[in-house]
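See below for the structure under consideration.
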Amino acid sequence: MEGKPFDLWGIRTASATENEVSTQHLIAQLEDYKSYGVNSIAVYFMGSNGGAYDPFNEEGTDIDRNHLRRMKEIIDAAERMKMVVIVGIFYQNVPREKIRLKDWQACKNAVCTVAQWLKKQKYGNVILNIANEQNSAGHIGKPWEKVRDPEYLLSLCYSIKKITPGLIVGAGGYDIEKNKIIGISDYIDVLLFDTTKPSEPSVFHFEEYKKVGILKPMVNVEMFGAWTGRFKNGVFLTDSEVQHFYHEVDGVAETEGLYTFFFAMDWLQGKANGKTNRYDIAGEGTMDSPGIRWFFRYVKSCLQKNE
């Protein structure tokens, strides 16, 4: 940010552009996030299981005006707070009846449309993520299915670099071998990977990728994935399981070039379970005080310890 390196500590808020209520709810939390040292959010043009949609027209040459405005409001608010936004494009679980992009060419157009919009905005706080969990079988049968193949995925990254060379571009998923191909590419500035279980923390993958010569920054954009769905209604603090989150933070804090984004499926993507997506950090994760503040407190204490 502002031409100076800094460590990313993030939270996945993927469906925040779904409507004005969600957008303003997220923006209202940014100051609270930043007070704990969490300086990054992830928002996707196609959302997440907490609300998935296709905001592009059939040809991929335009983006729904209201949807684009909400994305701009979020990025602008983050920029004022000196925070980073990982802006994602494709999401695997968009319901078929909501898909508007008609074919692969339209998807290529959509990527260029996003790149051109970001170039026009001249943002300095955006990392572009081509596809959420690019290897996911959920992409099969969708117009953007080819993102599962690193060759096609990287061709999209090449197109972006031609349009806006200064934009930080990333991609990846949870397939280790595909991530190695993606991460080593000259068209990728940062490897954006996912983890699916706490037995393989970010540090584990970081070391694996370094072995093949990936020396660029790496970000776990979805800490532990669906595993976090076991924590319901903002209750987290069972001693044995919450330690996994603390170990993730400790490992990342001690590893230069590695970063992580907090994820809690039932809290941040509650709509998938008939609830409400919540981006506020609320309480301490107990029955009497549900929420995710305990994680933010731990990040802050870890950062203070390492000052």
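Chain labels run A, B, ... following the order of the structure tokens; each chain numbers its residues from 1, and ligands are numbered from 1 in the order shown.
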
Which residues of range 133-220 of chain A come within 9 Å of range 75-96 of chain A, and what is each one's closest atom pair and distance in Å (one decimal), counting only C-alpha atoms, sorted by chain and residue number, as a tab-separated table?
residue	atom	partner	partner_atom	distance
A:Glu133	CA	A:Gln92	CA	7.8
A:Gln134	CA	A:Gln92	CA	8.1
A:Ser136	CA	A:Gln92	CA	7.0
A:Ala137	CA	A:Gln92	CA	7.9
A:Gly138	CA	A:Gln92	CA	4.8
A:His139	CA	A:Gln92	CA	4.6
A:Ile140	CA	A:Gln92	CA	8.1
A:Lys142	CA	A:Gln92	CA	7.8
A:Trp144	CA	A:Phe90	CA	7.5
A:Glu145	CA	A:Gln92	CA	8.6
A:Val147	CA	A:Phe90	CA	8.7

Within 9 Å of range 101-112 of chain A, which residues of range 20-62 of chain A come that close, and what is the closest atom pair and distance in Å for each? Count only C-alpha atoms and give it as JSON lines.
{"residue": "A:Asp54", "atom": "CA", "partner": "A:Leu101", "partner_atom": "CA", "distance": 7.5}
{"residue": "A:Pro55", "atom": "CA", "partner": "A:Leu101", "partner_atom": "CA", "distance": 8.9}
{"residue": "A:Phe56", "atom": "CA", "partner": "A:Leu101", "partner_atom": "CA", "distance": 6.5}
{"residue": "A:Asn57", "atom": "CA", "partner": "A:Leu101", "partner_atom": "CA", "distance": 6.2}
{"residue": "A:Glu58", "atom": "CA", "partner": "A:Leu101", "partner_atom": "CA", "distance": 4.3}
{"residue": "A:Glu59", "atom": "CA", "partner": "A:Ala106", "partner_atom": "CA", "distance": 4.5}
{"residue": "A:Gly60", "atom": "CA", "partner": "A:Ala110", "partner_atom": "CA", "distance": 4.1}
{"residue": "A:Thr61", "atom": "CA", "partner": "A:Asn109", "partner_atom": "CA", "distance": 5.8}
{"residue": "A:Asp62", "atom": "CA", "partner": "A:Ala110", "partner_atom": "CA", "distance": 7.4}

### Message
I need the strand (DSSP E or B) residues of range 147-184 of chain A per DSSP on the backbone, written as a ChimeraX atom specification.
### Response
/A:168-171

### Task
For each of A:Gly274, A:Lys305, A:Ala131, A:Asp32, take the minimum atom-to-atom distance to Val221 in chain A, counting only C-alpha atoms, then give the residue where this is smallest.
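Among the listed residues, A:Ala131 lies closest to Val221 in chain A.
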
### Message
Just want the 8 Å neighbourhood of range 209-220 of chain A, counted on only C-alpha atoms, with same-chain residues fewer than 5 positions away dropped. Output as an MDAnalysis selection string.
### Response
chainID A and resid 179:180 183:184 189:195 202 257:261

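Checking A:Arg278, A:Arg65, A:Lys197, A:Arg293 one by one against Ile27 in chain A, counting only C-alpha atoms, you find the shortest gap at A:Arg278.
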
### Query
Residues at most 10 Å from range 263-268 of chain A, counting only C-alpha atoms, excluding those fewer than 5 positions away in the same chain, as an MDAnalysis selection string?
chainID A and resid 10:16 48:50 221:236 245 273:281 290:292

Those residues with N, CA, C and O atoms, as a short mmCIF file (atom, residue, chain, number, x, y, z; two decimals), in the first residue's frame please?
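Dumped to result_9.cif:
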data_model
loop_
_atom_site.label_atom_id
_atom_site.label_comp_id
_atom_site.auth_asym_id
_atom_site.auth_seq_id
_atom_site.Cartn_x
_atom_site.Cartn_y
_atom_site.Cartn_z
N GLY A 10 -6.38 -11.04 6.52
CA GLY A 10 -7.65 -10.82 5.87
C GLY A 10 -8.82 -11.61 6.41
O GLY A 10 -8.68 -12.47 7.28
N ILE A 11 -9.99 -11.30 5.85
CA ILE A 11 -11.23 -12.00 6.16
C ILE A 11 -12.03 -12.12 4.86
O ILE A 11 -12.12 -11.18 4.09
N ARG A 12 -12.59 -13.29 4.65
CA ARG A 12 -13.37 -13.55 3.44
C ARG A 12 -14.80 -13.04 3.63
O ARG A 12 -15.53 -13.52 4.52
N THR A 13 -15.21 -12.09 2.81
CA THR A 13 -16.55 -11.50 2.87
C THR A 13 -17.14 -11.54 1.46
O THR A 13 -17.59 -10.53 0.94
N ALA A 14 -17.16 -12.70 0.87
CA ALA A 14 -17.28 -12.86 -0.58
C ALA A 14 -18.55 -12.31 -1.19
O ALA A 14 -18.54 -11.84 -2.32
N SER A 15 -19.69 -12.40 -0.49
CA SER A 15 -20.97 -12.03 -1.11
C SER A 15 -21.42 -10.61 -0.77
O SER A 15 -22.61 -10.29 -0.88
N ALA A 16 -20.49 -9.77 -0.39
CA ALA A 16 -20.85 -8.45 0.13
C ALA A 16 -21.44 -7.49 -0.90
O ALA A 16 -22.01 -6.47 -0.52
N SER A 48 -20.57 -16.03 -3.33
CA SER A 48 -20.16 -17.27 -2.68
C SER A 48 -21.42 -18.05 -2.32
O SER A 48 -22.53 -17.68 -2.71
N ASN A 49 -21.27 -19.11 -1.55
CA ASN A 49 -22.44 -19.86 -1.09
C ASN A 49 -23.34 -19.01 -0.19
O ASN A 49 -24.49 -19.38 0.05
N GLY A 50 -22.83 -17.91 0.27
CA GLY A 50 -23.65 -16.99 1.04
C GLY A 50 -24.48 -16.08 0.16
O GLY A 50 -25.12 -15.14 0.64
N VAL A 221 -6.53 -17.83 0.87
CA VAL A 221 -7.69 -16.94 0.80
C VAL A 221 -8.93 -17.52 1.48
O VAL A 221 -9.96 -16.85 1.57
N GLU A 222 -8.83 -18.74 2.00
CA GLU A 222 -9.99 -19.34 2.66
C GLU A 222 -9.52 -20.37 3.70
O GLU A 222 -9.49 -21.56 3.44
N MET A 223 -9.18 -19.88 4.84
CA MET A 223 -8.63 -20.71 5.90
C MET A 223 -9.56 -21.87 6.30
O MET A 223 -10.65 -21.66 6.79
N PHE A 224 -9.13 -23.10 5.98
CA PHE A 224 -9.80 -24.35 6.39
C PHE A 224 -11.12 -24.63 5.68
O PHE A 224 -11.76 -25.64 5.94
N GLY A 225 -11.56 -23.75 4.81
CA GLY A 225 -12.72 -24.02 3.96
C GLY A 225 -13.95 -24.54 4.68
O GLY A 225 -14.35 -24.05 5.74
N ALA A 226 -14.57 -25.58 4.07
CA ALA A 226 -15.84 -26.10 4.58
C ALA A 226 -15.72 -26.71 5.97
O ALA A 226 -16.73 -26.87 6.67
N TRP A 227 -14.51 -27.04 6.38
CA TRP A 227 -14.30 -27.58 7.73
C TRP A 227 -14.87 -26.65 8.79
O TRP A 227 -15.35 -27.10 9.84
N THR A 228 -14.85 -25.35 8.51
CA THR A 228 -15.32 -24.37 9.50
C THR A 228 -16.84 -24.39 9.66
O THR A 228 -17.38 -23.75 10.57
N GLY A 229 -17.54 -25.15 8.80
CA GLY A 229 -18.98 -25.23 8.91
C GLY A 229 -19.47 -25.90 10.18
O GLY A 229 -20.65 -25.81 10.53
N ARG A 230 -18.58 -26.55 10.89
CA ARG A 230 -18.96 -27.22 12.15
C ARG A 230 -19.26 -26.23 13.27
O ARG A 230 -19.87 -26.58 14.27
N PHE A 231 -18.81 -24.99 13.10
CA PHE A 231 -19.03 -23.98 14.14
C PHE A 231 -20.31 -23.21 13.84
O PHE A 231 -20.36 -22.42 12.91
N LYS A 232 -21.35 -23.48 14.60
CA LYS A 232 -22.67 -22.94 14.31
C LYS A 232 -23.00 -21.74 15.21
O LYS A 232 -22.61 -21.69 16.37
N ASN A 233 -23.73 -20.80 14.60
CA ASN A 233 -24.30 -19.67 15.36
C ASN A 233 -23.27 -18.85 16.11
O ASN A 233 -23.55 -18.31 17.18
N GLY A 234 -22.06 -18.78 15.57
CA GLY A 234 -21.04 -17.94 16.19
C GLY A 234 -20.40 -18.51 17.43
O GLY A 234 -19.77 -17.78 18.20
N VAL A 235 -20.54 -19.83 17.64
CA VAL A 235 -19.93 -20.48 18.80
C VAL A 235 -18.73 -21.29 18.33
O VAL A 235 -18.86 -22.22 17.55
N PHE A 236 -17.54 -20.92 18.80
CA PHE A 236 -16.30 -21.50 18.33
C PHE A 236 -15.43 -22.10 19.43
O PHE A 236 -14.62 -22.98 19.16
N PHE A 245 -6.95 -22.53 14.68
CA PHE A 245 -6.92 -21.17 14.16
C PHE A 245 -5.70 -20.42 14.71
O PHE A 245 -5.03 -19.68 14.00
N ASN A 273 -27.30 -21.42 4.86
CA ASN A 273 -28.00 -22.22 5.85
C ASN A 273 -29.30 -21.57 6.31
O ASN A 273 -29.82 -21.86 7.39
N GLY A 274 -29.81 -20.66 5.48
CA GLY A 274 -31.06 -20.00 5.80
C GLY A 274 -30.92 -18.93 6.86
O GLY A 274 -31.92 -18.50 7.45
N LYS A 275 -29.71 -18.46 7.07
CA LYS A 275 -29.45 -17.41 8.06
C LYS A 275 -29.11 -16.11 7.34
O LYS A 275 -29.52 -15.89 6.21
N THR A 276 -28.35 -15.28 7.97
CA THR A 276 -27.91 -14.02 7.39
C THR A 276 -26.40 -13.99 7.34
O THR A 276 -25.74 -14.41 8.29
N ASN A 277 -25.84 -13.51 6.24
CA ASN A 277 -24.39 -13.29 6.20
C ASN A 277 -24.04 -12.20 7.20
O ASN A 277 -24.64 -11.13 7.18
N ARG A 278 -23.05 -12.48 8.04
CA ARG A 278 -22.64 -11.48 9.02
C ARG A 278 -21.17 -11.16 8.83
O ARG A 278 -20.32 -12.05 8.78
N TYR A 279 -20.87 -9.89 8.74
CA TYR A 279 -19.49 -9.44 8.60
C TYR A 279 -19.00 -8.73 9.86
O TYR A 279 -17.82 -8.42 9.98
N ASP A 280 -19.91 -8.48 10.80
CA ASP A 280 -19.48 -7.92 12.09
C ASP A 280 -18.77 -8.99 12.89
O ASP A 280 -19.03 -10.19 12.74
N ILE A 281 -17.85 -8.60 13.75
CA ILE A 281 -17.09 -9.60 14.49
C ILE A 281 -17.73 -9.92 15.84
O ILE A 281 -17.39 -10.94 16.45
N PRO A 290 -21.66 -14.98 21.20
CA PRO A 290 -21.29 -15.51 19.88
C PRO A 290 -20.57 -14.48 19.03
O PRO A 290 -20.81 -13.28 19.13
N GLY A 291 -19.69 -14.94 18.17
CA GLY A 291 -18.98 -14.04 17.27
C GLY A 291 -17.59 -14.53 16.94
O GLY A 291 -17.19 -15.64 17.30
N ILE A 292 -16.82 -13.67 16.30
CA ILE A 292 -15.48 -14.03 15.84
C ILE A 292 -14.41 -13.07 16.37
O ILE A 292 -13.28 -13.07 15.89
#

### Query
What is the CA of Ala171 in chain A-CA of Tyr33 in chain A distance in Å, reported with one decimal?
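Distance reported for this atom pair: 24.6 Å.
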
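Separating CA of Lys119 in chain A from CA of Ile160 in chain A is a distance of 9.9 Å.
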
### Message
If I take CA of Ser155 in chain A and CA of Ser185 in chain A, how far is one from the other in Å, to one decimal?
### Response
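Atom-to-atom, CA of Ser155 in chain A and CA of Ser185 in chain A are spaced 10.5 Å apart.
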
### Task
May I ask which of the residues A:Gln116, A:Ser301, A:Thr17, A:Asn135 is the closest one to Lys162 in chain A, counting only C-alpha atoms?
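Of A:Gln116, A:Ser301, A:Thr17, A:Asn135, the one nearest Lys162 in chain A, counting only C-alpha atoms, is A:Gln116.
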
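Here the question is which of A:Ala115, A:Asn129, A:Asp7, A:Gly172 gets nearest to Tyr44 in chain A using only C-alpha atoms, and that residue is A:Asn129.
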
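When only C-alpha atoms are used to measure the gap to Leu303 in chain A, the shortest distance among A:Gly170, A:Glu254, A:Asn125, A:Pro198 belongs to A:Glu254.
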